[in-house]
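To be precise, the following lines are structure_18.txt, and they hold compact mmCIF, C-alpha atoms.
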```txt
# COMPACT_ATOMS: atom_id res chain seq x y z
CA MET Y 1040 117.23 144.21 235.80
CA VAL Y 1041 117.49 143.16 239.46
CA ILE Y 1042 118.81 145.51 242.12
CA LYS Y 1043 118.48 144.03 245.58
CA ASN Y 1044 116.94 145.80 248.55
CA ILE Y 1045 119.38 147.36 250.97
CA THR Y 1046 119.60 146.39 254.65
CA ASN Y 1047 120.84 149.72 255.95
CA GLY Y 1048 121.07 152.98 254.06
CA VAL Y 1049 119.15 155.65 252.19
CA VAL Y 1050 116.94 155.47 249.12
CA ILE Y 1051 116.22 158.65 247.18
CA ASP Y 1052 113.00 157.98 245.32
CA HIS Y 1053 110.80 159.91 242.89
CA ILE Y 1054 113.70 161.81 241.34
CA ARG Y 1055 112.59 163.46 238.14
CA ALA Y 1056 113.54 161.22 235.19
CA GLY Y 1057 116.95 162.20 233.86
CA PHE Y 1058 118.03 164.04 237.03
CA GLY Y 1059 119.55 161.10 238.91
CA MET Y 1060 123.05 161.76 237.64
CA LYS Y 1061 122.87 165.43 238.65
CA VAL Y 1062 121.67 164.45 242.13
CA LEU Y 1063 124.59 162.05 242.53
CA GLU Y 1064 127.01 164.71 241.39
CA TYR Y 1065 125.82 167.26 243.96
CA LEU Y 1066 125.53 164.79 246.84
CA ASN Y 1067 129.32 164.60 246.93
CA ILE Y 1068 129.35 160.93 247.93
CA ASP Y 1069 132.84 160.01 246.72
CA THR Y 1070 133.74 158.75 250.19
CA VAL Y 1071 130.80 156.34 250.53
CA ARG Y 1072 132.12 152.80 251.08
CA GLY Y 1073 128.89 150.86 250.48
CA SER Y 1074 127.29 150.08 247.16
CA ILE Y 1075 125.61 152.87 245.20
CA ALA Y 1076 122.89 152.17 242.65
CA LEU Y 1077 121.55 154.76 240.23
CA ILE Y 1078 118.47 153.49 238.45
CA MET Y 1079 117.16 155.64 235.64
CA ASN Y 1080 113.85 155.67 233.79
CA VAL Y 1081 112.05 153.42 236.27
CA THR Y 1082 108.34 153.05 235.46
CA SER Y 1083 106.26 154.95 238.02
CA LYS Y 1084 102.49 154.93 238.44
CA LYS Y 1085 102.57 158.51 239.70
CA HIS Y 1086 105.18 160.13 237.48
CA GLY Y 1087 105.33 157.92 234.39
CA LYS Y 1088 109.12 157.66 234.62
CA LYS Y 1089 111.43 158.42 237.52
CA ASP Y 1090 115.03 157.99 238.64
CA MET Y 1091 116.05 156.39 241.91
CA ILE Y 1092 119.27 156.17 243.95
CA LYS Y 1093 120.13 153.55 246.58
CA LEU Y 1094 123.00 154.25 248.97
CA GLU Y 1095 124.05 151.30 251.10
CA ASN Y 1096 125.46 151.89 254.60
CA VAL Y 1097 124.83 155.63 254.40
CA GLU Y 1098 123.08 157.25 257.36
CA ASN Y 1099 122.44 160.73 256.06
CA VAL Y 1100 122.36 162.84 252.91
CA ASP Y 1101 122.30 166.61 252.40
CA ILE Y 1102 118.57 167.15 252.00
CA ASP Y 1103 119.05 170.88 251.35
CA ILE Y 1104 120.97 170.13 248.18
CA LEU Y 1105 118.45 167.46 247.21
CA GLY Y 1106 115.60 169.92 247.76
CA LEU Y 1107 117.36 172.42 245.56
CA ILE Y 1108 117.89 170.00 242.68
CA ASP Y 1109 114.58 168.15 242.84
CA HIS Y 1110 112.15 169.14 245.56
CA ASN Y 1111 109.68 166.45 244.49
CA ALA Y 1112 112.04 163.63 245.47
CA THR Y 1113 111.53 161.54 248.63
CA VAL Y 1114 114.29 160.41 250.97
CA ILE Y 1115 113.69 157.03 252.62
CA TYR Y 1116 115.87 155.92 255.54
CA ILE Y 1117 116.24 152.15 256.02
CA HIS Y 1118 117.48 150.26 259.06
CA ASP Y 1119 117.49 146.44 259.27
CA GLU Y 1120 115.50 146.30 256.04
CA LYS Y 1121 112.71 148.41 257.54
CA ILE Y 1122 111.74 151.96 256.61
CA THR Y 1123 112.40 154.14 259.64
CA GLN Y 1124 111.64 157.54 258.11
CA LYS Y 1125 110.36 159.11 254.90
CA THR Y 1126 111.18 162.75 254.22
CA LYS Y 1127 109.42 164.82 251.56
CA LEU Y 1128 111.79 167.47 250.31
CA LYS Y 1129 111.21 171.17 249.96
CA HIS Y 1130 113.18 174.06 248.55
CA PRO Y 1131 115.82 175.09 251.13
CA LYS Y 1132 115.49 178.67 252.35
CA LYS Y 1133 119.22 179.31 251.96
CA VAL Y 1134 121.96 177.55 250.02
CA THR Y 1135 125.65 178.22 250.42
CA ASN Y 1136 128.34 177.51 247.82
CA VAL Y 1137 126.07 175.43 245.59
CA ILE Y 1138 124.89 178.05 243.10
CA LYS Y 1139 127.54 180.41 241.76
CA CYS Y 1140 126.40 183.95 240.99
CA LYS Y 1141 126.75 184.63 237.28
CA ASN Y 1142 126.45 188.40 237.57
CA PRO Y 1143 129.93 189.70 236.62
CA ARG Y 1144 129.20 192.87 238.63
CA CYS Y 1145 128.55 190.90 241.83
CA ILE Y 1146 131.04 191.22 244.67
CA THR Y 1147 131.34 187.41 244.77
CA SER Y 1148 133.31 187.66 241.50
CA SER Y 1149 136.18 189.48 243.22
CA GLU Y 1150 135.96 189.09 247.03
CA ALA Y 1151 136.53 185.79 248.83
CA VAL Y 1152 133.02 185.40 250.24
CA PRO Y 1153 130.69 182.39 250.05
CA ASN Y 1154 128.08 182.29 247.31
CA VAL Y 1155 124.80 182.50 249.22
CA PHE Y 1156 121.40 182.28 247.55
CA LEU Y 1157 118.07 182.87 249.31
CA LEU Y 1158 114.72 181.35 248.32
CA VAL Y 1159 112.27 183.93 246.92
CA ASP Y 1160 109.11 181.87 246.46
CA ASP Y 1161 107.65 178.37 246.15
CA SER Y 1162 108.53 178.17 242.46
CA GLY Y 1163 112.16 177.59 243.44
CA LYS Y 1164 113.34 181.05 242.46
CA TYR Y 1165 116.52 182.13 244.28
CA ARG Y 1166 118.31 185.46 244.66
CA CYS Y 1167 121.97 186.11 245.30
CA GLU Y 1168 122.25 187.46 248.84
CA TYR Y 1169 124.69 190.14 247.69
CA CYS Y 1170 123.53 191.45 244.32
CA ASP Y 1171 119.94 190.05 244.15
CA ASN Y 1172 120.64 188.40 240.79
CA VAL Y 1173 117.80 185.92 240.21
CA VAL Y 1174 118.17 182.23 239.41
CA LYS Y 1175 114.75 181.09 238.25
CA SER Y 1176 115.08 177.42 238.94
CA PHE Y 1177 118.07 175.33 239.79
CA GLU Y 1178 116.04 172.27 238.86
CA GLY Y 1179 116.47 173.12 235.18
CA MET F 907 112.86 205.71 267.42
CA ASP F 908 116.12 203.87 268.08
CA LEU F 909 118.36 203.33 265.05
CA GLN F 910 121.63 203.41 266.97
CA GLY F 911 124.21 200.92 265.72
CA ARG F 912 122.21 199.92 262.63
CA ASN F 913 123.52 199.68 259.05
CA LEU F 914 121.81 201.05 255.96
CA ILE F 915 122.63 198.75 253.07
CA ALA F 916 119.38 198.36 251.12
CA PRO F 917 116.29 200.58 250.72
CA LEU F 918 114.10 198.16 252.65
CA ASP F 919 116.42 198.16 255.68
CA LEU F 920 114.38 201.05 257.08
CA SER F 921 110.68 200.62 257.79
CA VAL F 922 108.21 203.24 256.59
CA ALA F 923 107.86 204.50 260.18
CA GLU F 924 111.65 204.83 260.50
CA MET F 925 111.91 206.71 257.20
CA GLU F 926 109.08 209.05 258.19
CA TRP F 927 110.81 209.70 261.50
CA LEU F 928 114.05 210.56 259.66
CA PHE F 929 112.14 212.95 257.36
CA ASP F 930 110.66 214.69 260.42
CA LEU F 931 114.12 214.97 261.98
CA ALA F 932 115.54 216.38 258.71
CA GLY F 933 112.70 218.91 258.70
CA ARG F 934 113.67 220.04 262.21
CA ILE F 935 117.33 220.33 261.16
CA ILE F 936 116.34 222.44 258.12
CA ALA F 937 114.28 224.73 260.38
CA ARG F 938 116.96 225.19 263.08
CA PRO F 939 120.38 223.88 261.96
CA GLU F 940 122.14 225.75 264.78
CA ASP F 941 120.48 223.44 267.33
CA TYR F 942 122.43 220.50 265.85
CA ALA F 943 125.85 222.11 265.41
CA ASP F 944 127.53 220.06 268.16
CA VAL F 945 125.50 216.88 268.46
CA CYS F 946 128.20 214.67 266.88
CA LYS F 947 131.16 216.38 268.52
CA GLY F 948 133.92 213.83 269.12
CA LYS F 949 132.57 211.43 266.51
CA LEU F 950 134.49 210.43 263.39
CA LEU F 951 132.98 209.55 260.00
CA ALA F 952 135.04 207.50 257.51
CA THR F 953 134.22 208.01 253.84
CA VAL F 954 135.36 204.97 251.89
CA PHE F 955 134.92 205.67 248.18
CA TYR F 956 136.16 203.13 245.65
CA GLU F 957 134.23 204.93 242.92
CA ALA F 958 133.94 208.58 241.90
CA SER F 959 131.46 210.81 243.71
CA THR F 960 130.79 214.51 244.06
CA ARG F 961 127.45 214.95 245.81
CA THR F 962 127.22 211.84 247.96
CA ARG F 963 130.70 212.08 249.45
CA LEU F 964 130.71 215.85 249.92
CA SER F 965 127.19 215.89 251.35
CA PHE F 966 128.15 213.20 253.89
CA GLU F 967 131.29 215.11 254.81
CA ALA F 968 129.38 218.40 255.03
CA ALA F 969 126.70 216.69 257.10
CA MET F 970 129.21 215.35 259.65
CA LEU F 971 131.10 218.64 259.86
CA ARG F 972 127.85 220.57 260.34
CA LEU F 973 126.99 218.23 263.21
CA GLY F 974 130.30 219.04 264.90
CA GLY F 975 131.98 215.74 264.02
CA GLN F 976 135.07 215.05 261.94
CA VAL F 977 135.85 213.11 258.76
CA ILE F 978 138.59 210.80 257.49
CA GLY F 979 138.69 208.59 254.41
CA PHE F 980 139.71 208.17 250.80
CA SER F 981 137.97 209.30 247.65
CA GLU F 982 139.73 206.96 245.25
CA PRO F 983 141.13 203.47 245.85
CA GLN F 984 144.51 204.44 244.33
CA SER F 985 145.30 206.38 247.49
CA SER F 986 144.78 203.37 249.80
CA SER F 987 146.06 199.81 250.21
CA VAL F 988 143.25 198.68 247.93
CA ILE F 989 145.73 199.20 245.09
CA LYS F 990 147.95 196.56 246.74
CA GLY F 991 145.07 194.10 246.56
CA GLU F 992 143.62 194.47 250.05
CA SER F 993 140.14 192.97 250.36
CA ILE F 994 137.04 194.93 251.31
CA SER F 995 136.78 192.93 254.52
CA ASP F 996 140.30 193.85 255.64
CA THR F 997 139.93 197.48 254.54
CA ILE F 998 136.73 197.95 256.52
CA ARG F 999 138.19 196.23 259.61
CA THR F 1000 141.03 198.77 259.48
CA ILE F 1001 138.71 201.74 259.09
CA ALA F 1002 136.42 200.49 261.86
CA SER F 1003 139.32 200.60 264.28
CA TYR F 1004 139.62 204.37 263.76
CA ALA F 1005 136.13 205.69 263.00
CA ASP F 1006 132.71 205.58 264.66
CA ILE F 1007 130.66 205.26 261.47
CA ALA F 1008 131.52 204.60 257.82
CA VAL F 1009 129.99 205.34 254.45
CA MET F 1010 131.12 203.26 251.50
CA ARG F 1011 130.75 203.35 247.71
CA HIS F 1012 132.00 200.49 245.57
CA PRO F 1013 131.53 199.50 241.91
CA LYS F 1014 130.60 195.89 242.78
CA GLU F 1015 127.05 194.92 243.71
CA GLY F 1016 126.78 193.62 247.26
CA ALA F 1017 130.07 195.18 248.38
CA ALA F 1018 128.35 197.13 251.16
CA LEU F 1019 126.84 193.97 252.61
CA VAL F 1020 130.26 192.29 252.69
CA ALA F 1021 131.70 195.35 254.45
CA ALA F 1022 128.84 195.64 256.94
CA ARG F 1023 129.38 192.07 258.10
CA GLN F 1024 132.95 192.89 259.11
CA SER F 1025 132.72 196.51 260.16
CA GLY F 1026 131.44 196.39 263.74
CA ILE F 1027 130.47 200.06 263.34
CA PRO F 1028 127.39 201.38 261.51
CA LEU F 1029 127.94 201.18 257.76
CA ILE F 1030 126.02 203.18 255.16
CA ASN F 1031 125.87 202.07 251.54
CA ALA F 1032 126.60 205.08 249.33
CA GLY F 1033 126.08 203.03 246.16
CA ASP F 1034 127.10 199.47 245.31
CA GLY F 1035 127.47 199.19 241.54
CA GLY F 1036 124.16 199.13 239.72
CA HIS F 1037 122.36 197.70 242.75
CA PHE F 1038 121.19 200.15 245.45
CA HIS F 1039 121.79 203.68 246.71
CA PRO F 1040 119.51 204.02 249.74
CA THR F 1041 120.61 207.47 250.93
CA GLN F 1042 119.83 208.95 247.51
CA THR F 1043 116.35 207.54 247.99
CA LEU F 1044 116.04 209.23 251.38
CA THR F 1045 117.04 212.46 249.62
CA ASP F 1046 114.49 211.92 246.84
CA LEU F 1047 111.64 211.06 249.19
CA LEU F 1048 112.41 213.99 251.49
CA THR F 1049 112.36 216.35 248.51
CA ILE F 1050 108.97 215.05 247.35
CA ARG F 1051 107.55 215.08 250.87
CA LEU F 1052 108.68 218.67 251.53
CA GLU F 1053 106.97 219.81 248.33
CA LYS F 1054 103.87 217.62 248.14
CA GLY F 1055 103.25 217.02 251.86
CA SER F 1056 102.67 213.28 251.35
CA PHE F 1057 103.03 210.55 248.76
CA ASP F 1058 99.34 209.68 248.56
CA GLY F 1059 97.97 209.25 245.07
CA ILE F 1060 101.07 210.41 243.23
CA THR F 1061 102.14 209.08 239.84
CA ILE F 1062 105.90 208.79 239.43
CA GLY F 1063 107.63 208.38 236.10
CA VAL F 1064 111.04 206.78 236.41
CA CYS F 1065 112.92 207.38 233.18
CA GLY F 1066 116.20 206.24 231.63
CA ASP F 1067 118.47 203.40 232.68
CA LEU F 1068 116.27 201.32 234.93
CA LYS F 1069 118.41 198.20 234.55
CA PHE F 1070 121.66 199.47 236.05
CA GLY F 1071 120.27 202.57 237.79
CA ARG F 1072 120.87 202.03 241.50
CA THR F 1073 119.00 205.20 242.42
CA ALA F 1074 115.97 204.02 240.43
CA HIS F 1075 116.05 200.56 242.07
CA SER F 1076 116.22 202.03 245.56
CA LEU F 1077 113.50 204.59 244.88
CA VAL F 1078 111.08 202.05 243.46
CA CYS F 1079 111.68 199.53 246.26
CA ALA F 1080 111.28 202.16 249.00
CA PHE F 1081 108.08 203.52 247.45
CA SER F 1082 106.64 200.02 247.13
CA ARG F 1083 105.57 200.19 250.80
CA TYR F 1084 103.43 203.32 250.31
CA SER F 1085 99.88 202.74 249.17
CA GLY F 1086 98.41 204.89 246.43
CA VAL F 1087 101.70 205.38 244.56
CA ARG F 1088 101.57 204.58 240.84
CA PHE F 1089 104.66 204.00 238.73
CA ILE F 1090 105.29 204.53 235.04
CA MET F 1091 108.62 202.99 234.07
CA ILE F 1092 110.02 204.70 230.98
CA SER F 1093 113.00 202.99 229.37
CA PRO F 1094 114.28 201.29 226.24
CA ASP F 1095 113.56 197.55 226.22
CA GLU F 1096 117.22 196.77 226.97
CA LEU F 1097 117.23 198.90 230.12
CA ARG F 1098 114.01 197.77 231.83
CA ILE F 1099 113.92 197.19 235.60
CA PRO F 1100 115.59 193.96 236.77
CA GLU F 1101 113.56 191.06 238.06
CA TYR F 1102 114.39 191.59 241.75
CA VAL F 1103 112.94 195.12 241.62
CA ARG F 1104 109.94 193.91 239.61
CA ASP F 1105 109.26 191.34 242.35
CA GLU F 1106 109.16 194.06 245.02
CA ILE F 1107 106.49 196.04 243.20
CA SER F 1108 104.42 193.15 241.87
CA HIS F 1109 101.57 194.17 244.23
CA LEU F 1110 101.46 197.73 242.84
CA GLU F 1111 99.99 199.29 239.75
CA PHE F 1112 102.74 200.05 237.27
CA GLU F 1113 103.20 200.44 233.54
CA GLU F 1114 106.29 200.01 231.41
CA VAL F 1115 106.50 202.28 228.38
CA ARG F 1116 109.16 203.49 225.96
CA ASP F 1117 107.87 206.99 225.16
CA LEU F 1118 108.55 209.85 227.60
CA THR F 1119 106.46 212.46 225.78
CA ASP F 1120 103.29 210.36 225.95
CA ALA F 1121 103.77 209.60 229.65
CA LEU F 1122 104.63 213.16 230.76
CA PRO F 1123 101.08 214.62 231.11
CA GLN F 1124 100.17 211.91 233.67
CA LEU F 1125 103.11 212.51 235.98
CA ASP F 1126 103.32 214.24 239.36
CA VAL F 1127 107.01 213.39 239.66
CA LEU F 1128 109.48 212.70 236.86
CA TYR F 1129 112.63 210.94 238.04
CA MET F 1130 115.23 211.22 235.29
CA THR F 1131 118.34 209.06 235.35
CA ARG F 1132 121.54 208.97 233.33
CA VAL F 1133 122.51 206.09 231.08
CA GLN F 1134 125.74 205.24 232.89
CA LYS F 1135 128.73 204.56 230.71
CA GLU F 1136 130.56 202.87 233.61
CA ARG F 1137 127.93 200.09 233.86
CA PHE F 1138 128.30 198.86 230.28
CA PHE F 1139 130.82 196.21 229.27
CA ASN F 1140 130.18 196.99 225.61
CA GLU F 1141 130.70 200.59 224.50
CA GLU F 1142 128.58 200.08 221.38
CA ASP F 1143 125.54 199.37 223.56
CA TYR F 1144 126.21 202.51 225.58
CA ILE F 1145 126.52 204.69 222.47
CA ARG F 1146 123.31 203.25 221.05
CA LEU F 1147 121.31 203.86 224.24
CA LYS F 1148 122.84 206.98 225.78
CA ASP F 1149 120.59 209.50 224.05
CA SER F 1150 117.34 207.55 224.50
CA TYR F 1151 115.71 210.35 226.50
CA ILE F 1152 116.40 214.07 226.46
CA LEU F 1153 114.05 216.27 228.44
CA ASN F 1154 113.84 219.86 227.24
CA ALA F 1155 111.59 222.86 227.77
CA ALA F 1156 109.55 222.11 224.64
CA LYS F 1157 108.63 218.63 225.90
CA LEU F 1158 107.43 220.07 229.22
CA LYS F 1159 104.59 222.03 227.54
CA ASN F 1160 102.17 219.17 228.13
CA ALA F 1161 103.33 218.39 231.67
CA LYS F 1162 101.37 219.27 234.83
CA PRO F 1163 102.07 222.73 236.28
CA ASP F 1164 103.03 221.16 239.64
CA LEU F 1165 105.23 218.42 238.19
CA MET F 1166 108.46 217.83 240.12
CA ILE F 1167 111.49 216.98 237.98
CA LEU F 1168 114.10 215.10 240.01
CA HIS F 1169 117.49 213.73 239.01
CA PRO F 1170 120.08 212.12 241.29
CA LEU F 1171 122.82 213.86 239.23
CA PRO F 1172 125.29 213.96 237.60
CA ARG F 1173 123.47 214.53 234.34
CA VAL F 1174 125.05 214.37 230.94
CA ASN F 1175 122.52 215.52 228.38
CA GLU F 1176 119.29 213.86 229.52
CA ILE F 1177 118.00 217.16 230.93
CA ALA F 1178 118.71 220.13 228.68
CA ALA F 1179 119.97 223.34 230.30
CA ASP F 1180 116.77 225.15 229.24
CA VAL F 1181 114.87 223.17 231.90
CA ASP F 1182 117.07 224.40 234.77
CA ASP F 1183 115.16 227.65 235.30
CA ASP F 1184 111.74 226.01 235.11
CA PRO F 1185 110.10 226.11 238.58
CA ARG F 1186 109.36 222.40 238.15
CA ALA F 1187 113.09 221.58 238.13
CA PHE F 1188 113.88 220.35 241.65
CA TYR F 1189 117.23 218.64 241.07
CA PHE F 1190 119.36 221.41 242.50
CA ARG F 1191 117.18 221.81 245.62
CA GLN F 1192 117.30 218.01 245.91
CA MET F 1193 121.10 218.19 246.43
CA ARG F 1194 120.81 220.39 249.53
CA ASN F 1195 118.15 218.10 250.99
CA GLY F 1196 120.68 215.30 250.59
CA MET F 1197 122.91 216.94 253.15
CA TYR F 1198 120.06 217.44 255.64
CA ILE F 1199 118.76 213.88 255.43
CA ARG F 1200 122.33 212.58 255.81
CA MET F 1201 122.71 214.72 258.93
CA ALA F 1202 119.55 213.08 260.29
CA LEU F 1203 120.82 209.63 259.35
CA LEU F 1204 124.26 210.10 260.92
CA MET F 1205 122.64 211.34 264.15
CA ALA F 1206 120.24 208.40 264.20
CA LEU F 1207 122.82 205.68 263.55
CA LEU F 1208 125.19 207.20 266.12
CA GLY F 1209 122.36 207.68 268.61
CA LYS F 1210 123.29 211.32 269.04
CA GLY F 1211 120.95 214.24 269.67
CA VAL F 1212 117.75 212.35 268.82
```
Reformat the file's structure so that it appears as structure tokens.
Amino acid sequence: MVIKNITNGVVIDHIRAGFGMKVLEYLNIDTVRGSIALIMNVTSKKHGKKDMIKLENVENVDIDILGLIDHNATVIYIHDEKITQKTKLKHPKKVTNVIKCKNPRCITSSEAVPNVFLLVDDSGKYRCEYCDNVVKSFEG
Amino acid sequence: MDLQGRNLIAPLDLSVAEMEWLFDLAGRIIARPEDYADVCKGKLLATVFYEASTRTRLSFEAAMLRLGGQVIGFSEPQSSSVIKGESISDTIRTIASYADIAVMRHPKEGAALVAARQSGIPLINAGDGGHFHPTQTLTDLLTIRLEKGSFDGITIGVCGDLKFGRTAHSLVCAFSRYSGVRFIMISPDELRIPEYVRDEISHLEFEEVRDLTDALPQLDVLYMTRVQKERFFNEEDYIRLKDSYILNAAKLKNAKPDLMILHPLPRVNEIAADVDDDPRAFYFRQMRNGMYIRMALLMALLGKGV
């Protein structure tokens, strides 16, 4: 399989194998005009298998959401076929309207307020800002 | 200590130093209540209760009236525009345009935080579902402190519904900052403490057991809680668990002579009436302390007379 290098855009590398589709879903990139390539089960020396996404003519992606879904991924920015920046992801401290609180007793189930989750620790555990309901890992 | 303009939503909103300062102020109010009879004159407290209450609402109202202030509010949502579908945010904005401070109880967890973000006046959480009830904790800690002098080296048994028990969650979280406190959590497996409370006390020594009788001889404080019918979606679960623990005079034979038995009340049958006259039963004295600590809190958040 041949997928050409991109001239300008963003490559999301080292996505955990099988998670590429989920990353695409949450990146909300319906409006992207350039080509998008999702490559799954790529052989990796470091991880065995990995997924990878190439976004042509995209300047930025929401690294908070990426960090939430797969904090081991790397975001590579490319300009004129050269790597201009590599960003290692980490769990975002706060995420808004990405995780929905599943506690039926939480105020978010009845009041029109954003669903806000706060990072508890490095394991990727999050707590609802309102009711403290714990989500152990959004990474599945 | 300056607490003027602050909210009290969660038990960790107050530092240990701030809580200790409030306990000292409550002690001074207990000693000379007449000195505080006018300190909140001209101030208005709004009591916003979406859920039933006897002690919390009346003790807040009594506290404000004893400080010379006045009270408005509603004690059931049916008597307000809530019944027309008004949101918490809009309700609290309305109340904040009339009152100087508000106290709110709501059946949903996190409701007080939503309200505090819109209120613009100090907001006190008087219970948000099965989450937190920080002023009950101030009452509980004041009662223990008045009797024991300090919290050093005490073993506290927290018994009953630890999953949905907001008073238990608040108590455990607040105590987690005091060194030398040991917890024994006594509950059925289905009603064990939730993960967010467990996280707060992960640095402390605590046990989780099912048997109250075995744990009793070790305890300096027994904090009994009610299995709350209103927190269950399934009545069968409630019926199965409601009689898990019943404390009676016979069970107290092996308890320490200086044990303190606390209960946030109301009780159903988890403490038998034959315990009421035992000198170790503190739950009725605890109620009066609730009014004094709420007087101290209202003064502090209004910046009056402190």
Handout entry: Pairwise distance for atom CA of F:Pro1185 and atom CA of F:Gln1134, rounded to one decimal in Å
Key = 26.7 Å
Which residues of chain F have any atom within 8 Å of an atom in chain Y when counting all atoms listed in the file, and what is the closest pair of atoms for each, with the distance in Å to one decimal? Order the rows by chain and rising number and write it as JSON lines.
```
{"residue": "F:Ser993", "atom": "CA", "partner": "Y:Glu1150", "partner_atom": "CA", "distance": 6.6}
{"residue": "F:Ile994", "atom": "CA", "partner": "Y:Glu1150", "partner_atom": "CA", "distance": 7.3}
{"residue": "F:Pro1013", "atom": "CA", "partner": "Y:Arg1144", "partner_atom": "CA", "distance": 7.8}
{"residue": "F:Lys1014", "atom": "CA", "partner": "Y:Ile1146", "partner_atom": "CA", "distance": 5.1}
{"residue": "F:Glu1015", "atom": "CA", "partner": "Y:Cys1145", "partner_atom": "CA", "distance": 4.7}
{"residue": "F:Gly1016", "atom": "CA", "partner": "Y:Tyr1169", "partner_atom": "CA", "distance": 4.1}
{"residue": "F:Ala1017", "atom": "CA", "partner": "Y:Ile1146", "partner_atom": "CA", "distance": 5.5}
{"residue": "F:Leu1019", "atom": "CA", "partner": "Y:Tyr1169", "partner_atom": "CA", "distance": 6.6}
{"residue": "F:Val1020", "atom": "CA", "partner": "Y:Tyr1169", "partner_atom": "CA", "distance": 7.8}
{"residue": "F:Gly1035", "atom": "CA", "partner": "Y:Arg1144", "partner_atom": "CA", "distance": 7.2}
{"residue": "F:His1037", "atom": "CA", "partner": "Y:Cys1170", "partner_atom": "CA", "distance": 6.5}
{"residue": "F:Glu1101", "atom": "CA", "partner": "Y:Val1173", "partner_atom": "CA", "distance": 7.0}
{"residue": "F:Tyr1102", "atom": "CA", "partner": "Y:Asp1171", "partner_atom": "CA", "distance": 6.2}
```
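For the pair atom CA of F:Ile935 and atom CA of F:Ala969, the interatomic distance is 10.8 Å.
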Handout entry: Neighbours of point (138.5, 206.6, 246.1) within 9 Å, using only C-alpha atoms, written as a PyMOL selection string
Key = chain F and resi 953-959+979-986+1011-1012
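For the choices Y:Ile1078, Y:Val1062, Y:Val1174, Y:Ala1056, the atom-to-atom distance to Y:Ile1042 is smallest for Y:Ile1078 when using all atoms listed in the file.
Proximity ranking of F:Leu1044, F:Ile1030, F:Ala1008, F:Met1091 relative to F:Asn1195 places F:Leu1044 first, based on only C-alpha atoms.
Between atom CA of F:Leu1122 and atom CA of F:Thr960 the separation is 29.4 Å.
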Under the rule of at most 12 Å, produce a per-residue listing of stretch 1033-1054 of chain F near stretch 1203-1210 of chain F: chain, number, name, the closest pair of atoms, and the distance in Å, as CSV, using only C-alpha atoms.
```
residue,atom,partner,partner_atom,distance
F:Pro1040,CA,F:Leu1203,CA,11.2
F:Thr1041,CA,F:Leu1203,CA,8.7
F:Gln1042,CA,F:Leu1203,CA,11.9
F:Leu1044,CA,F:Leu1203,CA,9.3
F:Thr1045,CA,F:Leu1203,CA,10.8
```
Some atoms are missing, so please complete stretch 1060-1071 of chain Y with N, CA and C atoms and return it as a short mmCIF file (atom, residue, chain, number, x, y, z; two decimals), keeping the file's coordinate frame.
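And here is the file that came out, selection-v3.cif:
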```cif
data_model
loop_
_atom_site.label_atom_id
_atom_site.label_comp_id
_atom_site.auth_asym_id
_atom_site.auth_seq_id
_atom_site.Cartn_x
_atom_site.Cartn_y
_atom_site.Cartn_z
N MET Y 1060 121.61 161.53 237.75
CA MET Y 1060 123.05 161.76 237.64
C MET Y 1060 123.43 163.09 238.30
N LYS Y 1061 122.60 164.11 238.07
CA LYS Y 1061 122.87 165.43 238.65
C LYS Y 1061 122.79 165.36 240.18
N VAL Y 1062 121.80 164.60 240.68
CA VAL Y 1062 121.67 164.45 242.13
C VAL Y 1062 122.92 163.80 242.70
N LEU Y 1063 123.38 162.74 242.06
CA LEU Y 1063 124.59 162.05 242.53
C LEU Y 1063 125.78 163.00 242.56
N GLU Y 1064 125.89 163.79 241.50
CA GLU Y 1064 127.01 164.71 241.39
C GLU Y 1064 127.04 165.69 242.57
N TYR Y 1065 125.87 166.24 242.91
CA TYR Y 1065 125.82 167.26 243.96
C TYR Y 1065 125.84 166.67 245.37
N LEU Y 1066 125.53 165.38 245.50
CA LEU Y 1066 125.53 164.79 246.84
C LEU Y 1066 126.95 164.59 247.38
N ASN Y 1067 127.93 164.66 246.50
CA ASN Y 1067 129.32 164.60 246.93
C ASN Y 1067 129.57 163.34 247.76
N ILE Y 1068 129.29 162.18 247.17
CA ILE Y 1068 129.35 160.93 247.93
C ILE Y 1068 130.55 160.07 247.54
N ASP Y 1069 131.63 160.74 247.13
CA ASP Y 1069 132.84 160.01 246.72
C ASP Y 1069 133.38 159.10 247.82
N THR Y 1070 133.13 159.49 249.07
CA THR Y 1070 133.74 158.75 250.19
C THR Y 1070 132.86 157.60 250.68
N VAL Y 1071 131.70 157.42 250.08
CA VAL Y 1071 130.80 156.34 250.53
C VAL Y 1071 131.45 154.99 250.23
#
```
